[in-house]
$ cat final15.txt   # compact mmCIF, C-alpha atoms
# COMPACT_ATOMS: atom_id res chain seq x y z
CA MET A 4 116.18 72.06 -116.42
CA ASP A 5 117.75 75.53 -116.37
CA VAL A 6 115.87 77.10 -119.28
CA THR A 7 117.45 80.52 -118.80
CA THR A 8 121.02 79.24 -119.09
CA MET A 9 120.05 76.99 -122.00
CA ALA A 10 118.52 79.95 -123.84
CA LEU A 11 121.27 82.50 -123.26
CA VAL A 12 124.63 80.85 -122.49
CA ASP A 13 126.93 79.30 -125.09
CA GLY A 14 127.41 75.65 -124.15
CA ALA A 15 131.12 75.90 -124.99
CA ALA A 16 131.76 78.97 -122.79
CA VAL A 17 134.30 78.51 -120.00
CA ILE A 18 134.50 80.81 -116.96
CA THR A 19 136.26 81.41 -113.68
CA ALA A 20 134.13 82.55 -110.75
CA HIS A 21 134.61 83.27 -107.05
CA ILE A 22 132.27 82.72 -104.14
CA LEU A 23 132.79 85.87 -102.08
CA ALA A 24 131.89 86.84 -98.52
CA ARG A 25 130.21 90.21 -98.16
CA HIS A 26 130.83 90.32 -94.40
CA ASP A 27 133.12 88.65 -91.86
CA TYR A 28 132.09 85.03 -91.18
CA VAL A 29 133.18 81.58 -90.04
CA VAL A 30 133.15 79.42 -93.15
CA ALA A 31 131.28 76.15 -93.50
CA GLY A 32 130.12 74.17 -96.52
CA GLY A 33 132.98 74.41 -99.00
CA ASP A 34 133.02 70.68 -99.71
CA VAL A 35 129.23 70.60 -99.97
CA ALA A 36 129.26 73.41 -102.54
CA ALA A 37 131.98 71.61 -104.50
CA ALA A 38 129.85 68.45 -104.52
CA VAL A 39 126.93 70.43 -105.96
CA PHE A 40 129.05 71.71 -108.86
CA HIS A 41 130.53 68.27 -109.48
CA ALA A 42 127.04 66.73 -109.55
CA LEU A 43 126.40 68.72 -112.73
CA ASP A 44 129.88 68.47 -114.24
CA LYS A 45 132.71 66.40 -112.77
CA SER A 46 135.28 68.36 -114.79
CA ILE A 47 134.60 71.62 -112.89
CA VAL A 48 137.61 72.59 -110.79
CA VAL A 49 136.86 73.96 -107.31
CA GLU A 50 139.64 75.56 -105.24
CA GLN A 51 138.89 76.21 -101.57
CA HIS A 52 140.82 79.20 -100.24
CA ILE A 53 139.23 79.35 -96.77
CA ALA A 54 138.78 76.01 -95.03
CA ASP A 55 135.64 75.13 -93.08
CA GLY A 56 135.90 76.40 -89.51
CA CYS A 57 138.21 79.28 -90.46
CA ASP A 58 137.48 83.01 -90.56
CA VAL A 59 136.83 84.87 -93.79
CA GLN A 60 136.84 88.66 -94.07
CA ALA A 61 134.46 90.76 -96.12
CA GLY A 62 135.46 90.77 -99.77
CA GLU A 63 137.59 87.62 -99.60
CA ALA A 64 137.07 84.67 -101.92
CA ILE A 65 136.14 81.43 -100.22
CA LEU A 66 136.05 79.30 -103.37
CA THR A 67 137.19 79.65 -106.96
CA ILE A 68 135.26 77.65 -109.54
CA LYS A 69 136.59 77.01 -113.06
CA GLY A 70 134.86 75.19 -115.89
CA LYS A 71 132.00 75.30 -118.34
CA ALA A 72 129.73 78.26 -117.69
CA ALA A 73 126.40 76.47 -118.10
CA PRO A 74 126.71 73.88 -115.29
CA ILE A 75 128.34 76.45 -113.00
CA LEU A 76 125.39 78.82 -113.44
CA SER A 77 122.87 76.00 -113.04
CA ALA A 78 124.50 74.87 -109.79
CA GLU A 79 125.11 78.39 -108.45
CA ARG A 80 121.99 78.89 -106.33
CA THR A 81 121.95 75.43 -104.78
CA ALA A 82 125.64 75.64 -103.89
CA LEU A 83 125.13 79.09 -102.37
CA ASN A 84 122.02 77.99 -100.46
CA PHE A 85 124.03 75.30 -98.70
CA MET A 86 127.04 77.51 -98.00
CA GLN A 87 125.00 80.49 -96.83
CA ARG A 88 123.04 78.43 -94.30
CA MET A 89 126.06 76.48 -93.12
CA THR A 90 128.26 79.56 -92.79
CA GLY A 91 125.47 81.35 -90.92
CA ILE A 92 125.24 78.48 -88.42
CA ALA A 93 129.01 78.31 -87.95
CA THR A 94 129.27 82.06 -87.44
CA LEU A 95 126.44 82.22 -84.90
CA THR A 96 127.85 79.23 -83.04
CA ARG A 97 131.28 80.87 -82.84
CA SER A 98 129.76 83.98 -81.29
CA PHE A 99 128.19 81.92 -78.49
CA VAL A 100 131.38 79.91 -78.00
CA LYS A 101 133.34 83.14 -77.57
CA ALA A 102 130.73 84.47 -75.14
CA VAL A 103 131.42 81.61 -72.70
CA GLU A 104 135.16 81.44 -73.27
CA GLY A 105 137.11 80.59 -70.14
CA THR A 106 134.17 79.08 -68.25
CA GLY A 107 134.66 75.50 -69.44
CA CYS A 108 131.05 75.41 -70.60
CA LYS A 109 130.30 73.75 -73.96
CA ILE A 110 127.79 75.04 -76.50
CA LEU A 111 125.46 72.27 -77.68
CA ASP A 112 123.11 72.10 -80.63
CA THR A 113 119.66 70.47 -80.61
CA ARG A 114 117.46 68.43 -82.94
CA LYS A 115 115.73 71.63 -84.09
CA THR A 116 117.18 71.32 -87.58
CA VAL A 117 115.82 71.55 -91.11
CA PRO A 118 114.26 68.18 -92.06
CA GLY A 119 116.75 66.27 -94.20
CA LEU A 120 119.65 68.57 -93.31
CA ARG A 121 120.42 67.52 -89.73
CA VAL A 122 123.89 66.13 -90.49
CA ILE A 123 124.82 69.28 -92.40
CA ASP A 124 123.41 71.59 -89.71
CA LYS A 125 125.26 69.76 -86.96
CA TYR A 126 128.49 69.70 -88.97
CA SER A 127 128.19 73.48 -89.29
CA VAL A 128 127.85 73.80 -85.51
CA LYS A 129 131.12 71.90 -85.13
CA CYS A 130 132.77 74.25 -87.64
CA GLY A 131 131.82 77.10 -85.30
CA GLY A 132 133.38 75.38 -82.28
CA GLY A 133 130.16 73.95 -80.86
CA THR A 134 129.48 70.39 -79.71
CA ASN A 135 126.87 68.06 -81.14
CA HIS A 136 124.12 66.77 -78.85
CA ARG A 137 121.89 63.90 -80.01
CA LEU A 138 121.82 63.22 -83.73
CA GLY A 139 118.76 61.01 -83.31
CA LEU A 140 116.38 59.66 -80.70
CA SER A 141 118.40 56.46 -80.30
CA ASP A 142 121.61 58.19 -79.18
CA MET A 143 120.53 58.71 -75.58
CA VAL A 144 117.51 58.63 -73.33
CA LEU A 145 116.27 62.18 -72.78
CA ILE A 146 113.32 62.36 -70.41
CA LYS A 147 111.50 65.63 -71.13
CA ASP A 148 108.31 67.24 -69.86
CA ASN A 149 105.87 65.18 -71.93
CA HIS A 150 107.61 61.96 -70.92
CA ARG A 151 107.37 63.06 -67.28
CA ARG A 152 103.64 63.74 -67.61
CA LEU A 153 103.10 60.21 -68.88
CA TRP A 154 105.28 58.59 -66.21
CA LYS A 155 103.15 57.80 -63.17
CA GLY A 156 101.20 61.03 -63.66
CA GLY A 157 104.37 63.13 -63.74
CA GLN A 158 104.89 63.31 -59.99
CA PRO A 159 108.30 64.72 -59.02
CA SER A 160 108.81 61.83 -56.63
CA GLU A 161 108.68 59.38 -59.55
CA LEU A 162 111.54 60.84 -61.63
CA GLY A 163 114.16 58.63 -60.04
CA LYS A 164 112.08 55.59 -60.93
CA ALA A 165 111.69 56.89 -64.49
CA VAL A 166 115.47 57.19 -64.84
CA ALA A 167 115.93 53.68 -63.45
CA ALA A 168 113.33 52.25 -65.82
CA ALA A 169 114.93 53.98 -68.80
CA ARG A 170 118.37 52.66 -67.89
CA LYS A 171 117.02 49.13 -67.43
CA SER A 172 115.41 49.26 -70.86
CA HIS A 173 118.35 50.88 -72.68
CA PHE A 174 121.47 50.32 -70.58
CA GLU A 175 123.74 50.90 -73.59
CA VAL A 176 123.06 54.66 -73.88
CA PRO A 177 123.39 57.54 -71.39
CA VAL A 178 120.32 58.89 -69.62
CA GLU A 179 119.48 62.57 -69.31
CA VAL A 180 116.47 63.94 -67.48
CA GLU A 181 114.94 67.41 -67.72
CA VAL A 182 113.96 69.02 -64.42
CA GLU A 183 112.05 72.20 -63.65
CA SER A 184 112.29 72.28 -59.85
CA PHE A 185 114.58 71.26 -57.03
CA ASP A 186 112.13 68.52 -56.00
CA GLU A 187 112.38 66.99 -59.47
CA LEU A 188 116.14 67.42 -59.38
CA ARG A 189 116.55 65.57 -56.08
CA SER A 190 114.27 62.77 -57.25
CA ALA A 191 116.17 62.32 -60.53
CA LEU A 192 119.53 62.28 -58.76
CA GLU A 193 118.50 59.21 -56.77
CA ALA A 194 118.91 57.07 -59.92
CA LYS A 195 122.26 58.64 -60.89
CA PRO A 196 121.57 59.80 -64.46
CA GLU A 197 124.53 60.74 -66.63
CA TRP A 198 123.03 64.18 -67.32
CA ILE A 199 120.55 66.58 -65.74
CA MET A 200 118.94 69.26 -67.93
CA LEU A 201 117.92 72.44 -66.10
CA ASP A 202 114.92 73.72 -68.02
CA ASN A 203 114.25 77.48 -68.19
CA MET A 204 115.94 78.27 -64.89
CA PRO A 205 117.36 81.74 -64.20
CA PRO A 206 121.10 81.85 -63.41
CA ALA A 207 120.62 82.12 -59.63
CA GLN A 208 118.49 78.96 -59.64
CA MET A 209 120.98 77.21 -61.94
CA LYS A 210 123.78 77.94 -59.51
CA GLU A 211 121.81 76.45 -56.64
CA ALA A 212 121.00 73.38 -58.73
CA VAL A 213 124.67 72.90 -59.59
CA ALA A 214 125.47 73.01 -55.88
CA ILE A 215 122.83 70.35 -55.14
CA ILE A 216 124.18 68.11 -57.91
CA ALA A 217 127.72 68.57 -56.57
CA GLY A 218 129.46 66.81 -59.44
CA ARG A 219 127.32 63.65 -59.33
CA CYS A 220 126.45 64.04 -63.02
CA LYS A 221 126.90 66.44 -65.91
CA VAL A 222 124.63 69.48 -66.05
CA GLU A 223 123.03 71.03 -69.14
CA ALA A 224 121.13 74.32 -69.15
CA SER A 225 118.44 74.91 -71.74
CA GLY A 226 115.63 77.34 -72.50
CA GLY A 227 115.46 81.12 -72.37
CA ILE A 228 119.20 81.59 -72.92
CA THR A 229 120.31 84.36 -75.25
CA MET A 230 123.51 86.24 -76.02
CA ALA A 231 122.52 88.71 -73.30
CA ASN A 232 122.48 86.17 -70.47
CA ILE A 233 124.57 83.24 -71.68
CA ARG A 234 127.71 84.35 -69.85
CA ALA A 235 125.83 84.49 -66.56
CA ALA A 236 124.42 81.02 -67.22
CA ALA A 237 127.85 79.59 -68.06
CA GLU A 238 129.35 81.06 -64.89
CA THR A 239 126.91 79.08 -62.72
CA GLY A 240 129.05 75.99 -63.26
CA VAL A 241 126.90 74.10 -65.78
CA ASP A 242 128.82 71.83 -68.11
CA ALA A 243 126.91 72.73 -71.25
CA ILE A 244 124.26 75.04 -72.67
CA SER A 245 122.03 73.87 -75.52
CA LEU A 246 120.70 76.40 -78.02
CA GLY A 247 118.00 75.67 -80.59
CA CYS A 248 118.59 79.04 -82.23
CA LEU A 249 121.86 77.78 -83.72
CA THR A 250 119.90 75.84 -86.33
CA HIS A 251 116.16 76.52 -86.18
CA SER A 252 116.16 80.18 -87.19
CA VAL A 253 119.69 81.16 -88.19
CA ALA A 254 120.27 84.02 -90.63
CA ALA A 255 121.97 82.98 -93.85
CA ALA A 256 125.40 84.45 -94.52
CA ASP A 257 125.61 86.95 -97.38
CA LEU A 258 127.69 85.17 -100.03
CA SER A 259 127.70 85.66 -103.80
CA LEU A 260 129.12 84.01 -106.88
CA GLU A 261 130.86 86.50 -109.14
CA ILE A 262 132.30 85.72 -112.57
CA VAL A 263 135.86 86.99 -113.06
$ encode --input "final15.txt" --output "structure tokens"
Amino acid sequence: MDVTTMALVDGAAVITAHILARHDYVVAGGDVAAAVFHALDKSIVVEQHIADGCDVQAGEAILTIKGKAAPILSAERTALNFMQRMTGIATLTRSFVKAVEGTGCKILDTRKTVPGLRVIDKYSVKCGGGTNHRLGLSDMVLIKDNHRRLWKGGQPSELGKAVAAARKSHFEVPVEVEVESFDELRSALEAKPEWIMLDNMPPAQMKEAVAIIAGRCKVEASGGITMANIRAAAETGVDAISLGCLTHSVAAADLSLEIV
């Protein structure tokens, strides 16, 4: 119950308002914001001027909302919360995509999303030009460090067997295995996984790992990669770079709803 709006706003009042960008961004979340307004009043008219995945410049209107003032004001903060987070994710993703432009390397998201908002977070990554990794644990086998520690004591020589066992159990999904050394890499390659994840390797080590793999599977780099070193990582020949920062700690875009 919005007690402030109920106390101060005439229930018959009708307004037109814009959602404005205060800086340059890549837009995401227009349809989600519209759904929030329509949840309170289906008669509210929402016009989207900048489509999801497109650039907006500072001062431009992304949406125009027309209808009864009370439900628009009551929905304002929730609609903005969605759009600000989603636009922030899309904008950050676009900056990483541009940083690796021309290398053929894809920017992947992770499962480090807000609980309950994974689909929305991952949609926002796509709006920024990124590529979705696993949505859930059932989408692929991903053998990480804790799995390795529990597989035959985590010996590097056992990784190939771990990949084979995973494939035998779940043949219908691809298998990816995280490696931290060349010994682990060579062991994993014996079982021909679909993906190898190079964990926290510097670019020089990544390049050597890519040479060892020699096209036998796809290669993902992860861990310790920032805007400062992502170009160097992409130029090693890896197929993809995954970045938790796209969704786990993104800064919200500065958007506002202003009544005309």
$ residues_around --input "final15.txt" --residues "stretch 235-248 of chain A" --least-positions-apart "4" --cutoff "10 Å" --atoms "only C-alpha atoms" --output "PyMOL selection string"
chain A and resi 92+95-96+99+102-116+133-136+198-201+204-214+218+220-231+252-254
$ closest_residue --input "final15.txt" --among "A:Val39, A:Asp13, A:Pro196, A:Met86" --to "A:Ala256" --atoms "all atoms listed in the file"
A:Met86
$ closest_residue --input "final15.txt" --among "A:Val17, A:Met143, A:Leu258, A:Leu11" --to "A:Ala31" --atoms "all atoms listed in the file"
A:Leu258
$ closest_residue --input "final15.txt" --among "A:Val29, A:Ile65, A:Ala78, A:Leu188" --to "A:Glu161" --atoms "all atoms listed in the file"
A:Leu188
$ closest_residue --input "final15.txt" --among "A:His52, A:Arg234, A:His251, A:Arg189" --to "A:Arg121" --atoms "only C-alpha atoms"
A:His251
$ residues_near_point --input "final15.txt" --point "(106.2, 60.2, -67.5)" --cutoff "12 Å" --atoms "all atoms listed in the file" --output "ChimeraX atom specification"
/A:145-166,168-169,180-181
$ atom_distance --input "final15.txt" --atom1 "atom CA of A:Arg97" --atom2 "atom CA of A:Gly56"
9.3 Å
$ closest_residue --input "final15.txt" --among "A:Gln60, A:Thr67, A:Thr250, A:Ser259" --to "A:Val128" --atoms "all atoms listed in the file"
A:Thr250
$ atom_distance --input "final15.txt" --atom1 "atom CA of A:His41" --atom2 "atom CA of A:Leu83"
14.0 Å
$ closest_residue --input "final15.txt" --among "A:Pro74, A:Pro118, A:Gly131, A:Gly32" --to "A:Asp58" --atoms "all atoms listed in the file"
A:Gly131
$ atom_distance --input "final15.txt" --atom1 "atom CA of A:Glu193" --atom2 "atom CA of A:Glu175"
19.5 Å
$ build_atoms --input "final15.txt" --residues "stretch 152-174 of chain A" --atoms "N, CA and C atoms" --output "JSON list (two decimals), keeping the file's coordinate frame"
[["chain", "number", "residue", "atom", "x", "y", "z"],
["A", 152, "ARG", "N", 105.09, 63.71, -67.83],
["A", 152, "ARG", "CA", 103.64, 63.74, -67.61],
["A", 152, "ARG", "C", 103.01, 62.36, -67.79],
["A", 153, "LEU", "N", 103.63, 61.54, -68.62],
["A", 153, "LEU", "CA", 103.10, 60.21, -68.88],
["A", 153, "LEU", "C", 103.72, 59.14, -67.99],
["A", 154, "TRP", "N", 104.65, 59.55, -67.13],
["A", 154, "TRP", "CA", 105.28, 58.59, -66.21],
["A", 154, "TRP", "C", 104.64, 58.74, -64.84],
["A", 155, "LYS", "N", 103.80, 57.81, -64.49],
["A", 155, "LYS", "CA", 103.15, 57.80, -63.17],
["A", 155, "LYS", "C", 102.47, 59.13, -62.86],
["A", 156, "GLY", "N", 101.89, 59.77, -63.89],
["A", 156, "GLY", "CA", 101.20, 61.03, -63.66],
["A", 156, "GLY", "C", 102.13, 62.23, -63.55],
["A", 157, "GLY", "N", 103.42, 62.02, -63.76],
["A", 157, "GLY", "CA", 104.37, 63.13, -63.74],
["A", 157, "GLY", "C", 104.70, 63.66, -62.38],
["A", 158, "GLN", "N", 104.56, 62.85, -61.35],
["A", 158, "GLN", "CA", 104.89, 63.31, -59.99],
["A", 158, "GLN", "C", 106.40, 63.45, -59.83],
["A", 159, "PRO", "N", 106.87, 64.54, -59.22],
["A", 159, "PRO", "CA", 108.30, 64.72, -59.02],
["A", 159, "PRO", "C", 108.96, 63.55, -58.30],
["A", 160, "SER", "N", 108.24, 62.93, -57.40],
["A", 160, "SER", "CA", 108.81, 61.83, -56.63],
["A", 160, "SER", "C", 109.06, 60.59, -57.47],
["A", 161, "GLU", "N", 108.54, 60.55, -58.70],
["A", 161, "GLU", "CA", 108.68, 59.38, -59.55],
["A", 161, "GLU", "C", 109.84, 59.50, -60.54],
["A", 162, "LEU", "N", 110.52, 60.65, -60.61],
["A", 162, "LEU", "CA", 111.54, 60.84, -61.63],
["A", 162, "LEU", "C", 112.69, 59.86, -61.48],
["A", 163, "GLY", "N", 113.09, 59.59, -60.26],
["A", 163, "GLY", "CA", 114.16, 58.63, -60.04],
["A", 163, "GLY", "C", 113.80, 57.27, -60.59],
["A", 164, "LYS", "N", 112.55, 56.86, -60.40],
["A", 164, "LYS", "CA", 112.08, 55.59, -60.93],
["A", 164, "LYS", "C", 112.05, 55.61, -62.46],
["A", 165, "ALA", "N", 111.70, 56.76, -63.03],
["A", 165, "ALA", "CA", 111.69, 56.89, -64.49],
["A", 165, "ALA", "C", 113.09, 56.72, -65.06],
["A", 166, "VAL", "N", 114.08, 57.33, -64.41],
["A", 166, "VAL", "CA", 115.47, 57.19, -64.84],
["A", 166, "VAL", "C", 115.90, 55.73, -64.74],
["A", 167, "ALA", "N", 115.56, 55.08, -63.64],
["A", 167, "ALA", "CA", 115.93, 53.68, -63.45],
["A", 167, "ALA", "C", 115.29, 52.79, -64.50],
["A", 168, "ALA", "N", 114.03, 53.05, -64.81],
["A", 168, "ALA", "CA", 113.33, 52.25, -65.82],
["A", 168, "ALA", "C", 113.95, 52.45, -67.20],
["A", 169, "ALA", "N", 114.31, 53.69, -67.51],
["A", 169, "ALA", "CA", 114.93, 53.98, -68.80],
["A", 169, "ALA", "C", 116.28, 53.27, -68.92],
["A", 170, "ARG", "N", 117.05, 53.30, -67.86],
["A", 170, "ARG", "CA", 118.37, 52.66, -67.89],
["A", 170, "ARG", "C", 118.23, 51.14, -68.01],
["A", 171, "LYS", "N", 117.23, 50.58, -67.35],
["A", 171, "LYS", "CA", 117.02, 49.13, -67.43],
["A", 171, "LYS", "C", 116.64, 48.72, -68.85],
["A", 172, "SER", "N", 115.86, 49.56, -69.51],
["A", 172, "SER", "CA", 115.41, 49.26, -70.86],
["A", 172, "SER", "C", 116.51, 49.48, -71.89],
["A", 173, "HIS", "N", 117.31, 50.52, -71.70],
["A", 173, "HIS", "CA", 118.35, 50.88, -72.68],
["A", 173, "HIS", "C", 119.65, 51.20, -71.93],
["A", 174, "PHE", "N", 120.27, 50.15, -71.40],
["A", 174, "PHE", "CA", 121.47, 50.32, -70.58],
["A", 174, "PHE", "C", 122.67, 50.78, -71.41]]
